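Text of target-v4.cif, listed as mmCIF, C-alpha atoms; chains and numbers go by the auth columns:
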data_start
#
loop_
_atom_site.group_PDB
_atom_site.id
_atom_site.type_symbol
_atom_site.label_atom_id
_atom_site.label_comp_id
_atom_site.label_asym_id
_atom_site.label_seq_id
_atom_site.Cartn_x
_atom_site.Cartn_y
_atom_site.Cartn_z
_atom_site.B_iso_or_equiv
_atom_site.auth_seq_id
_atom_site.auth_asym_id
ATOM 1 C CA MET A 1 0.000 0.000 0.000 0.00 1 A
ATOM 2 C CA SER A 2 1.465 3.363 -1.033 0.00 2 A
ATOM 3 C CA THR A 3 1.547 5.875 1.820 0.00 3 A
ATOM 4 C CA ALA A 4 2.018 9.635 1.843 0.00 4 A
ATOM 5 C CA LEU A 5 2.887 11.638 4.940 0.00 5 A
ATOM 6 C CA ILE A 6 1.607 15.214 4.823 0.00 6 A
ATOM 7 C CA ALA A 7 3.341 17.536 7.271 0.00 7 A
ATOM 8 C CA LEU A 8 1.529 20.703 8.305 0.00 8 A
ATOM 9 C CA LYS A 9 2.924 23.754 10.139 0.00 9 A
ATOM 10 C CA LEU A 10 6.134 23.480 12.177 0.00 10 A
ATOM 11 C CA THR A 11 5.669 19.902 13.291 0.00 11 A
ATOM 12 C CA GLU A 12 7.861 19.005 16.258 0.00 12 A
ATOM 13 C CA LYS A 13 7.966 15.239 15.718 0.00 13 A
ATOM 14 C CA LEU A 14 7.223 13.184 12.618 0.00 14 A
ATOM 15 C CA PRO A 15 5.663 9.701 12.876 0.00 15 A
ATOM 16 C CA GLU A 16 8.191 6.975 12.168 0.00 16 A
ATOM 17 C CA ILE A 17 6.598 5.338 9.155 0.00 17 A
ATOM 18 C CA ARG A 18 7.718 4.461 5.634 0.00 18 A
ATOM 19 C CA ALA A 19 6.118 7.031 3.389 0.00 19 A
ATOM 20 C CA ASP A 20 6.624 9.597 0.667 0.00 20 A
ATOM 21 C CA TYR A 21 6.642 13.144 2.004 0.00 21 A
ATOM 22 C CA ILE A 22 4.394 16.056 1.100 0.00 22 A
ATOM 23 C CA GLY A 23 4.913 19.392 2.821 0.00 23 A
ATOM 24 C CA ALA A 24 1.987 21.768 3.292 0.00 24 A
ATOM 25 C CA ASP A 25 3.062 25.379 3.802 0.00 25 A
ATOM 26 C CA LYS A 26 5.341 25.551 6.885 0.00 26 A
ATOM 27 C CA GLY A 27 5.224 21.768 7.089 0.00 27 A
ATOM 28 C CA ALA A 28 7.408 21.808 3.976 0.00 28 A
ATOM 29 C CA LEU A 29 9.971 23.833 5.905 0.00 29 A
ATOM 30 C CA THR A 30 9.865 21.284 8.742 0.00 30 A
ATOM 31 C CA LEU A 31 10.593 18.475 6.288 0.00 31 A
ATOM 32 C CA ALA A 32 13.345 20.421 4.527 0.00 32 A
ATOM 33 C CA LYS A 33 15.060 21.256 7.820 0.00 33 A
ATOM 34 C CA ALA A 34 14.853 17.567 8.769 0.00 34 A
ATOM 35 C CA GLY A 35 16.571 16.677 5.490 0.00 35 A
ATOM 36 C CA LYS A 36 13.472 14.893 4.117 0.00 36 A
ATOM 37 C CA HIS A 37 12.993 14.903 0.364 0.00 37 A
ATOM 38 C CA MET A 38 9.447 15.778 -0.689 0.00 38 A
ATOM 39 C CA ARG A 39 7.535 14.703 -3.731 0.00 39 A
ATOM 40 C CA LEU A 40 5.518 17.904 -3.373 0.00 40 A
ATOM 41 C CA ALA A 41 5.556 21.135 -1.370 0.00 41 A
ATOM 42 C CA VAL A 42 2.257 23.005 -1.550 0.00 42 A
ATOM 43 C CA GLY A 43 0.841 26.122 0.102 0.00 43 A
ATOM 44 C CA ASP A 44 0.630 29.884 -0.164 0.00 44 A
ATOM 45 C CA PHE A 45 3.943 30.219 1.766 0.00 45 A
ATOM 46 C CA ASP A 46 3.042 33.811 2.640 0.00 46 A
ATOM 47 C CA SER A 47 4.800 33.531 6.009 0.00 47 A
ATOM 48 C CA VAL A 48 7.902 31.720 4.737 0.00 48 A
ATOM 49 C CA LYS A 49 11.106 33.727 4.334 0.00 49 A
ATOM 50 C CA PRO A 50 12.786 33.826 0.876 0.00 50 A
ATOM 51 C CA GLU A 51 15.830 31.924 2.158 0.00 51 A
ATOM 52 C CA ASP A 52 13.543 29.252 3.603 0.00 52 A
ATOM 53 C CA MET A 53 11.753 28.945 0.256 0.00 53 A
ATOM 54 C CA GLU A 54 15.104 28.179 -1.356 0.00 54 A
ATOM 55 C CA LEU A 55 15.656 25.417 1.188 0.00 55 A
ATOM 56 C CA ILE A 56 12.189 24.018 0.469 0.00 56 A
ATOM 57 C CA ARG A 57 12.817 24.067 -3.289 0.00 57 A
ATOM 58 C CA SER A 58 16.091 22.197 -2.831 0.00 58 A
ATOM 59 C CA HIS A 59 14.235 19.384 -1.041 0.00 59 A
ATOM 60 C CA ALA A 60 11.162 19.037 -3.277 0.00 60 A
ATOM 61 C CA ASP A 61 10.470 17.494 -6.658 0.00 61 A
ATOM 62 C CA GLU A 62 7.709 20.051 -7.188 0.00 62 A
ATOM 63 C CA VAL A 63 6.677 23.270 -5.446 0.00 63 A
ATOM 64 C CA LEU A 64 3.119 24.478 -5.944 0.00 64 A
ATOM 65 C CA ILE A 65 2.453 28.020 -4.699 0.00 65 A
ATOM 66 C CA LEU A 66 -1.216 28.739 -4.066 0.00 66 A
ATOM 67 C CA ASN A 67 -3.048 32.048 -4.096 0.00 67 A
ATOM 68 C CA PRO A 68 -3.510 33.040 -0.423 0.00 68 A
ATOM 69 C CA VAL A 69 -7.089 34.037 -1.305 0.00 69 A
ATOM 70 C CA LYS A 70 -8.646 30.591 -1.739 0.00 70 A
ATOM 71 C CA ASP A 71 -11.631 28.510 -0.668 0.00 71 A
ATOM 72 C CA ASP A 72 -9.730 25.623 0.932 0.00 72 A
ATOM 73 C CA THR A 73 -7.031 25.220 3.559 0.00 73 A
ATOM 74 C CA ASP A 74 -3.456 24.208 2.839 0.00 74 A
ATOM 75 C CA SER A 75 -4.187 20.833 4.438 0.00 75 A
ATOM 76 C CA GLU A 76 -7.205 20.251 2.181 0.00 76 A
ATOM 77 C CA SER A 77 -5.213 21.225 -0.905 0.00 77 A
ATOM 78 C CA ALA A 78 -2.327 18.940 0.072 0.00 78 A
ATOM 79 C CA LEU A 79 -4.752 16.084 0.688 0.00 79 A
ATOM 80 C CA ARG A 80 -6.425 16.487 -2.693 0.00 80 A
ATOM 81 C CA HIS A 81 -3.054 16.499 -4.444 0.00 81 A
ATOM 82 C CA ALA A 82 -2.001 13.365 -2.544 0.00 82 A
ATOM 83 C CA ILE A 83 -5.199 11.623 -3.633 0.00 83 A
ATOM 84 C CA ALA A 84 -4.618 12.690 -7.249 0.00 84 A
ATOM 85 C CA MET A 85 -1.087 11.250 -6.979 0.00 85 A
ATOM 86 C CA GLY A 86 -2.617 7.846 -6.246 0.00 86 A
ATOM 87 C CA TYR A 87 -1.780 7.283 -2.584 0.00 87 A
ATOM 88 C CA GLU A 88 -3.891 4.635 -0.860 0.00 88 A
ATOM 89 C CA ARG A 89 -3.126 5.772 2.689 0.00 89 A
ATOM 90 C CA ILE A 90 -2.421 9.330 3.785 0.00 90 A
ATOM 91 C CA VAL A 91 -1.091 10.265 7.218 0.00 91 A
ATOM 92 C CA MET A 92 -1.410 13.927 8.173 0.00 92 A
ATOM 93 C CA CYS A 93 0.674 15.262 11.074 0.00 93 A
ATOM 94 C CA GLY A 94 0.869 18.688 12.662 0.00 94 A
ATOM 95 C CA CYS A 95 -2.874 18.959 12.067 0.00 95 A
ATOM 96 C CA LEU A 96 -4.253 18.949 15.626 0.00 96 A
ATOM 97 C CA GLY A 97 -3.804 21.452 18.423 0.00 97 A
ATOM 98 C CA GLY A 98 -3.052 25.074 17.647 0.00 98 A
ATOM 99 C CA ARG A 99 -5.960 26.922 16.055 0.00 99 A
ATOM 100 C CA ALA A 100 -9.271 25.247 16.886 0.00 100 A
ATOM 101 C CA ASP A 101 -10.829 26.135 13.522 0.00 101 A
ATOM 102 C CA HIS A 102 -8.043 24.390 11.608 0.00 102 A
ATOM 103 C CA SER A 103 -8.242 21.360 13.914 0.00 103 A
ATOM 104 C CA LEU A 104 -11.988 21.109 13.285 0.00 104 A
ATOM 105 C CA VAL A 105 -11.471 21.302 9.512 0.00 105 A
ATOM 106 C CA ASN A 106 -8.911 18.502 9.681 0.00 106 A
ATOM 107 C CA LEU A 107 -11.209 16.316 11.809 0.00 107 A
ATOM 108 C CA ARG A 108 -13.929 16.836 9.228 0.00 108 A
ATOM 109 C CA LEU A 109 -11.480 15.921 6.465 0.00 109 A
ATOM 110 C CA ALA A 110 -10.758 12.639 8.254 0.00 110 A
ATOM 111 C CA TYR A 111 -14.503 12.025 8.464 0.00 111 A
ATOM 112 C CA GLN A 112 -14.944 12.762 4.755 0.00 112 A
ATOM 113 C CA TYR A 113 -12.219 10.310 3.725 0.00 113 A
ATOM 114 C CA PRO A 114 -12.818 7.100 5.724 0.00 114 A
ATOM 115 C CA GLY A 115 -10.181 4.405 5.429 0.00 115 A
ATOM 116 C CA LEU A 116 -7.830 6.775 3.628 0.00 116 A
ATOM 117 C CA LEU A 117 -6.831 9.685 5.858 0.00 117 A
ATOM 118 C CA VAL A 118 -5.213 9.320 9.283 0.00 118 A
ATOM 119 C CA LEU A 119 -4.560 12.325 11.519 0.00 119 A
ATOM 120 C CA GLN A 120 -1.697 11.708 13.900 0.00 120 A
ATOM 121 C CA ASP A 121 0.390 13.517 16.475 0.00 121 A
ATOM 122 C CA GLU A 122 2.137 12.474 19.695 0.00 122 A
ATOM 123 C CA GLN A 123 -1.161 12.171 21.599 0.00 123 A
ATOM 124 C CA ASN A 124 -3.793 11.297 18.993 0.00 124 A
ATOM 125 C CA GLN A 125 -4.535 9.026 16.061 0.00 125 A
ATOM 126 C CA VAL A 126 -7.783 9.703 14.192 0.00 126 A
ATOM 127 C CA MET A 127 -9.497 7.822 11.362 0.00 127 A
ATOM 128 C CA ALA A 128 -13.073 7.347 10.114 0.00 128 A
ATOM 129 C CA TYR A 129 -14.752 4.023 9.357 0.00 129 A
ATOM 130 C CA ASP A 130 -17.754 3.096 7.232 0.00 130 A
ATOM 131 C CA LYS A 131 -19.957 0.002 7.627 0.00 131 A
ATOM 132 C CA GLY A 132 -17.903 -3.035 8.661 0.00 132 A
ATOM 133 C CA VAL A 133 -16.117 -4.804 11.515 0.00 133 A
ATOM 134 C CA TYR A 134 -12.811 -3.366 12.807 0.00 134 A
ATOM 135 C CA THR A 135 -10.355 -4.634 15.419 0.00 135 A
ATOM 136 C CA PHE A 136 -8.084 -2.375 17.476 0.00 136 A
ATOM 137 C CA PRO A 137 -5.153 -3.762 19.481 0.00 137 A
ATOM 138 C CA LYS A 138 -4.582 -2.795 23.076 0.00 138 A
ATOM 139 C CA ASP A 139 -1.422 -0.731 22.761 0.00 139 A
ATOM 140 C CA GLU A 140 0.092 2.633 23.695 0.00 140 A
ATOM 141 C CA TRP A 141 -3.131 4.441 22.716 0.00 141 A
ATOM 142 C CA LYS A 142 -4.933 4.075 26.065 0.00 142 A
ATOM 143 C CA TYR A 143 -8.233 5.740 25.186 0.00 143 A
ATOM 144 C CA ILE A 144 -10.563 5.163 22.276 0.00 144 A
ATOM 145 C CA SER A 145 -13.510 7.457 21.493 0.00 145 A
ATOM 146 C CA PHE A 146 -16.289 7.257 18.912 0.00 146 A
ATOM 147 C CA PHE A 147 -18.158 10.130 17.263 0.00 147 A
ATOM 148 C CA THR A 148 -20.198 10.846 14.167 0.00 148 A
ATOM 149 C CA PHE A 149 -21.000 14.022 12.261 0.00 149 A
ATOM 150 C CA GLY A 150 -24.184 12.389 10.963 0.00 150 A
ATOM 151 C CA SER A 151 -25.729 9.254 12.442 0.00 151 A
ATOM 152 C CA ALA A 152 -24.463 5.724 12.898 0.00 152 A
ATOM 153 C CA ALA A 153 -25.270 2.435 14.623 0.00 153 A
ATOM 154 C CA VAL A 154 -22.419 0.684 16.440 0.00 154 A
ATOM 155 C CA THR A 155 -21.509 -2.284 18.592 0.00 155 A
ATOM 156 C CA LEU A 156 -18.450 -2.103 20.871 0.00 156 A
ATOM 157 C CA GLU A 157 -16.945 -5.320 22.266 0.00 157 A
ATOM 158 C CA ASN A 158 -14.081 -5.988 24.683 0.00 158 A
ATOM 159 C CA MET A 159 -14.282 -2.410 25.931 0.00 159 A
ATOM 160 C CA LYS A 160 -14.846 -0.852 29.330 0.00 160 A
ATOM 161 C CA TYR A 161 -18.129 0.617 28.124 0.00 161 A
ATOM 162 C CA PRO A 162 -19.612 -1.882 25.639 0.00 162 A
ATOM 163 C CA LEU A 163 -22.510 -1.033 23.362 0.00 163 A
ATOM 164 C CA THR A 164 -24.834 -3.236 21.313 0.00 164 A
ATOM 165 C CA GLU A 165 -26.321 -1.852 18.119 0.00 165 A
ATOM 166 C CA ARG A 166 -26.464 1.589 19.691 0.00 166 A
ATOM 167 C CA GLU A 167 -27.542 4.521 17.556 0.00 167 A
ATOM 168 C CA LEU A 168 -25.115 7.436 17.668 0.00 168 A
ATOM 169 C CA LYS A 169 -26.058 10.972 16.733 0.00 169 A
ATOM 170 C CA ALA A 170 -23.900 13.994 15.939 0.00 170 A
ATOM 171 C CA ASP A 171 -24.582 15.570 19.337 0.00 171 A
ATOM 172 C CA ASP A 172 -23.763 12.442 21.389 0.00 172 A
ATOM 173 C CA LEU A 173 -20.714 12.976 23.614 0.00 173 A
ATOM 174 C CA TYR A 174 -20.867 10.016 26.032 0.00 174 A
ATOM 175 C CA THR A 175 -18.694 7.853 23.755 0.00 175 A
ATOM 176 C CA LEU A 176 -15.576 9.687 24.946 0.00 176 A
ATOM 177 C CA SER A 177 -12.629 7.943 26.637 0.00 177 A
ATOM 178 C CA ASN A 178 -13.514 4.274 26.322 0.00 178 A
ATOM 179 C CA GLU A 179 -10.777 1.684 26.954 0.00 179 A
ATOM 180 C CA ILE A 180 -9.951 -1.707 25.442 0.00 180 A
ATOM 181 C CA THR A 181 -10.136 -4.415 28.132 0.00 181 A
ATOM 182 C CA ALA A 182 -8.742 -7.455 26.262 0.00 182 A
ATOM 183 C CA ASP A 183 -5.879 -7.979 23.818 0.00 183 A
ATOM 184 C CA SER A 184 -8.023 -6.176 21.274 0.00 184 A
ATOM 185 C CA GLY A 185 -11.353 -4.415 21.019 0.00 185 A
ATOM 186 C CA THR A 186 -13.900 -4.589 18.219 0.00 186 A
ATOM 187 C CA LEU A 187 -16.003 -1.897 16.597 0.00 187 A
ATOM 188 C CA THR A 188 -18.884 -2.944 14.371 0.00 188 A
ATOM 189 C CA VAL A 189 -20.381 -0.148 12.299 0.00 189 A
ATOM 190 C CA HIS A 190 -23.838 -1.384 11.326 0.00 190 A
ATOM 191 C CA SER A 191 -24.715 1.789 9.460 0.00 191 A
ATOM 192 C CA GLY A 192 -23.381 5.277 8.925 0.00 192 A
ATOM 193 C CA ARG A 193 -19.837 6.482 9.528 0.00 193 A
ATOM 194 C CA VAL A 194 -17.831 6.717 12.742 0.00 194 A
ATOM 195 C CA LEU A 195 -14.829 8.875 13.606 0.00 195 A
ATOM 196 C CA VAL A 196 -12.502 6.935 15.907 0.00 196 A
ATOM 197 C CA ILE A 197 -10.040 8.885 18.051 0.00 197 A
ATOM 198 C CA ARG A 198 -7.299 6.885 19.776 0.00 198 A
ATOM 199 C CA SER A 199 -5.404 8.982 22.305 0.00 199 A
ATOM 200 C CA LYS A 200 -3.089 8.986 25.301 0.00 200 A
ATOM 201 C CA ASP A 201 -2.124 11.427 28.025 0.00 201 A
ATOM 202 C CA LYS A 202 0.893 13.639 27.467 0.00 202 A
ATOM 203 C CA GLU A 203 4.037 12.237 29.033 0.00 203 A
#
When written as structure tokens, how does the structure in this file appear?
Amino acid sequence: MSTALIALKLTEKLPEIRADYIGADKGALTLAKAGKHMRLAVGDFDSVKPEDMELIRSHADEVLILNPVKDDTDSESALRHAIAMGYERIVMCGCLGGRADHSLVNLRLAYQYPGLLVLQDEQNQVMAYDKGVYTFPKDEWKYISFFTFGSAAVTLENMKYPLTERELKADDLYTLSNEITADSGTLTVHSGRVLVIRSKDKE
């Protein structure tokens, strides 16, 4: 499976995965400073210094400069280009925390692209799932939460707070901070789409 890692803003730590790199705006500078070669650097770069742009160009196969007056975010533009490039899995980092409006947009992007887009930082891993059965190992991600922006029906097994064919609505909040109680936990999505957030406390 071909994987792209999209770095946004000045990301402190990159996930250790095998992937091609795409830098979005200041995320491109992060990758360049880390010595990572990018297939693409994309953004309006309006806050990047000329000398930093030269560094970005020296580490990218292609640099796409966007008009700062646009209808989408740099993360959305980078995601669409990654999809057009044929990637089957896209990991976006540096996309949570900071400005709440940008974090919300990125969570909605994850919801819009189930099974494709993963949001990840040092404390969170986020992905959306359509109808099906999914298994999650008990690992370093202590908490697991389930939300929907529409409606869904779910069953949760081997979890501290199990559910059986429970209908979830967009305004339901009680599905926060569940925990896997066995070697693995199972989510069954009977209908709709579910945003799964795996998280851990900051060390």
Which residues of range 105-189 of chain A come within 10 Å of range 1-8 of chain A, and what is each one's closest atom pair and distance in Å (one decimal), counting only C-alpha atoms, sorted by chain and residue number, as CSV?
residue,atom,partner,partner_atom,distance
A:Leu116,CA,A:Thr3,CA,9.6
A:Leu117,CA,A:Ala4,CA,9.7
A:Val118,CA,A:Leu5,CA,9.5
A:Leu119,CA,A:Ile6,CA,9.6
Could you give me, as number ranges by chain, the residues that sit within 8 Å of (-12.7, -9.1, 23.3) in the file's coordinates, counting all atoms listed in the file?
A: 157-159, 181-186
Which residue of A:Glu140, A:Asp130, A:Asp46, A:Glu16 approaches Asn67 in chain A most closely, using all atoms listed in the file
A:Asp46
If we count all atoms listed in the file, what is near Ala153 in chain A at a cut-off of 10 Å, once residues fewer than 6 positions away on the same chain are taken out, given as an MDAnalysis selection string?
chainID A and resid 131 163:169 188:194
Matched chain/residue IDs from the PyMOL selection byres ((chain A and resi 13) around 12), as a count of residues only
20
Looking at only C-alpha atoms, which of A:Val91, A:Val63, A:Met127, A:Ala152 is the one that sits closest to Asp44 in chain A?
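Nearest to Asp44 in chain A: A:Val63.
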Selected residue, from A:Tyr113, A:Val126, A:Ala100, A:Leu195, that lies nearest to Phe146 in chain A when counting only C-alpha atoms
A:Leu195
From the set A:Ser77, A:Thr155, A:Asn178, A:Gln125, which residue has the shortest atom-to-atom contact distance to Arg198 in chain A, counting only C-alpha atoms?
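Result for the nearest residue to Arg198 in chain A: A:Gln125.
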Could you please determine the separation between CA of Gly35 in chain A and CA of Met53 in chain A in Å, to one decimal place?
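Computed distance, CA of Gly35 in chain A to CA of Met53 in chain A, equals 14.2 Å.
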Rounded to one decimal in Å, what is the spacing between CA of Thr148 in chain A and CA of Tyr134 in chain A?
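Interatomic distance here is 16.1 Å.
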Looking at A:Ile56, A:Val196, A:Leu79, A:Leu96, which one is nearest to Phe136 in chain A, with distances taken over all atoms listed in the file?
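Counting all atoms listed in the file, the residue closest to Phe136 in chain A is A:Val196.
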Report, in Å with one decimal, the straight-line distance from CA of Asp25 in chain A to CA of Thr73 in chain A.
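Computed distance, CA of Asp25 in chain A to CA of Thr73 in chain A, equals 10.1 Å.
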Which residues, named as in the file, does the PyMOL selection byres ((chain A and resi 81) around 12) pick out? Answer as a CSV table (one decimal) with C-alpha atoms, in the frame of the given file.
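As a result, expr_36.csv now contains:
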chain,number,residue,atom,x,y,z
A,4,ALA,CA,2.0,9.6,1.8
A,6,ILE,CA,1.6,15.2,4.8
A,22,ILE,CA,4.4,16.1,1.1
A,23,GLY,CA,4.9,19.4,2.8
A,24,ALA,CA,2.0,21.8,3.3
A,39,ARG,CA,7.5,14.7,-3.7
A,40,LEU,CA,5.5,17.9,-3.4
A,41,ALA,CA,5.6,21.1,-1.4
A,42,VAL,CA,2.3,23.0,-1.6
A,43,GLY,CA,0.8,26.1,0.1
A,62,GLU,CA,7.7,20.1,-7.2
A,63,VAL,CA,6.7,23.3,-5.4
A,64,LEU,CA,3.1,24.5,-5.9
A,74,ASP,CA,-3.5,24.2,2.8
A,75,SER,CA,-4.2,20.8,4.4
A,76,GLU,CA,-7.2,20.3,2.2
A,77,SER,CA,-5.2,21.2,-0.9
A,78,ALA,CA,-2.3,18.9,0.1
A,79,LEU,CA,-4.8,16.1,0.7
A,80,ARG,CA,-6.4,16.5,-2.7
A,82,ALA,CA,-2.0,13.4,-2.5
A,83,ILE,CA,-5.2,11.6,-3.6
A,84,ALA,CA,-4.6,12.7,-7.2
A,85,MET,CA,-1.1,11.2,-7.0
A,86,GLY,CA,-2.6,7.8,-6.2
A,87,TYR,CA,-1.8,7.3,-2.6
A,90,ILE,CA,-2.4,9.3,3.8
Rank A:Ile197, A:Leu66, A:Val105, A:Ala170 by their smallest atom-to-atom distance to Tyr129 in chain A, using only C-alpha atoms, and report the top residue only.
A:Ile197
Axis-aligned box for all listed atoms of range 156-169 of chain A, 8 Å per side, centre and edges in Å to one decimal, as lines of an AutoDock Vina configuration file:
center_x = -20.8
center_y = 2.5
center_z = 23.0
size_x = 29.5
size_y = 33.0
size_z = 28.6
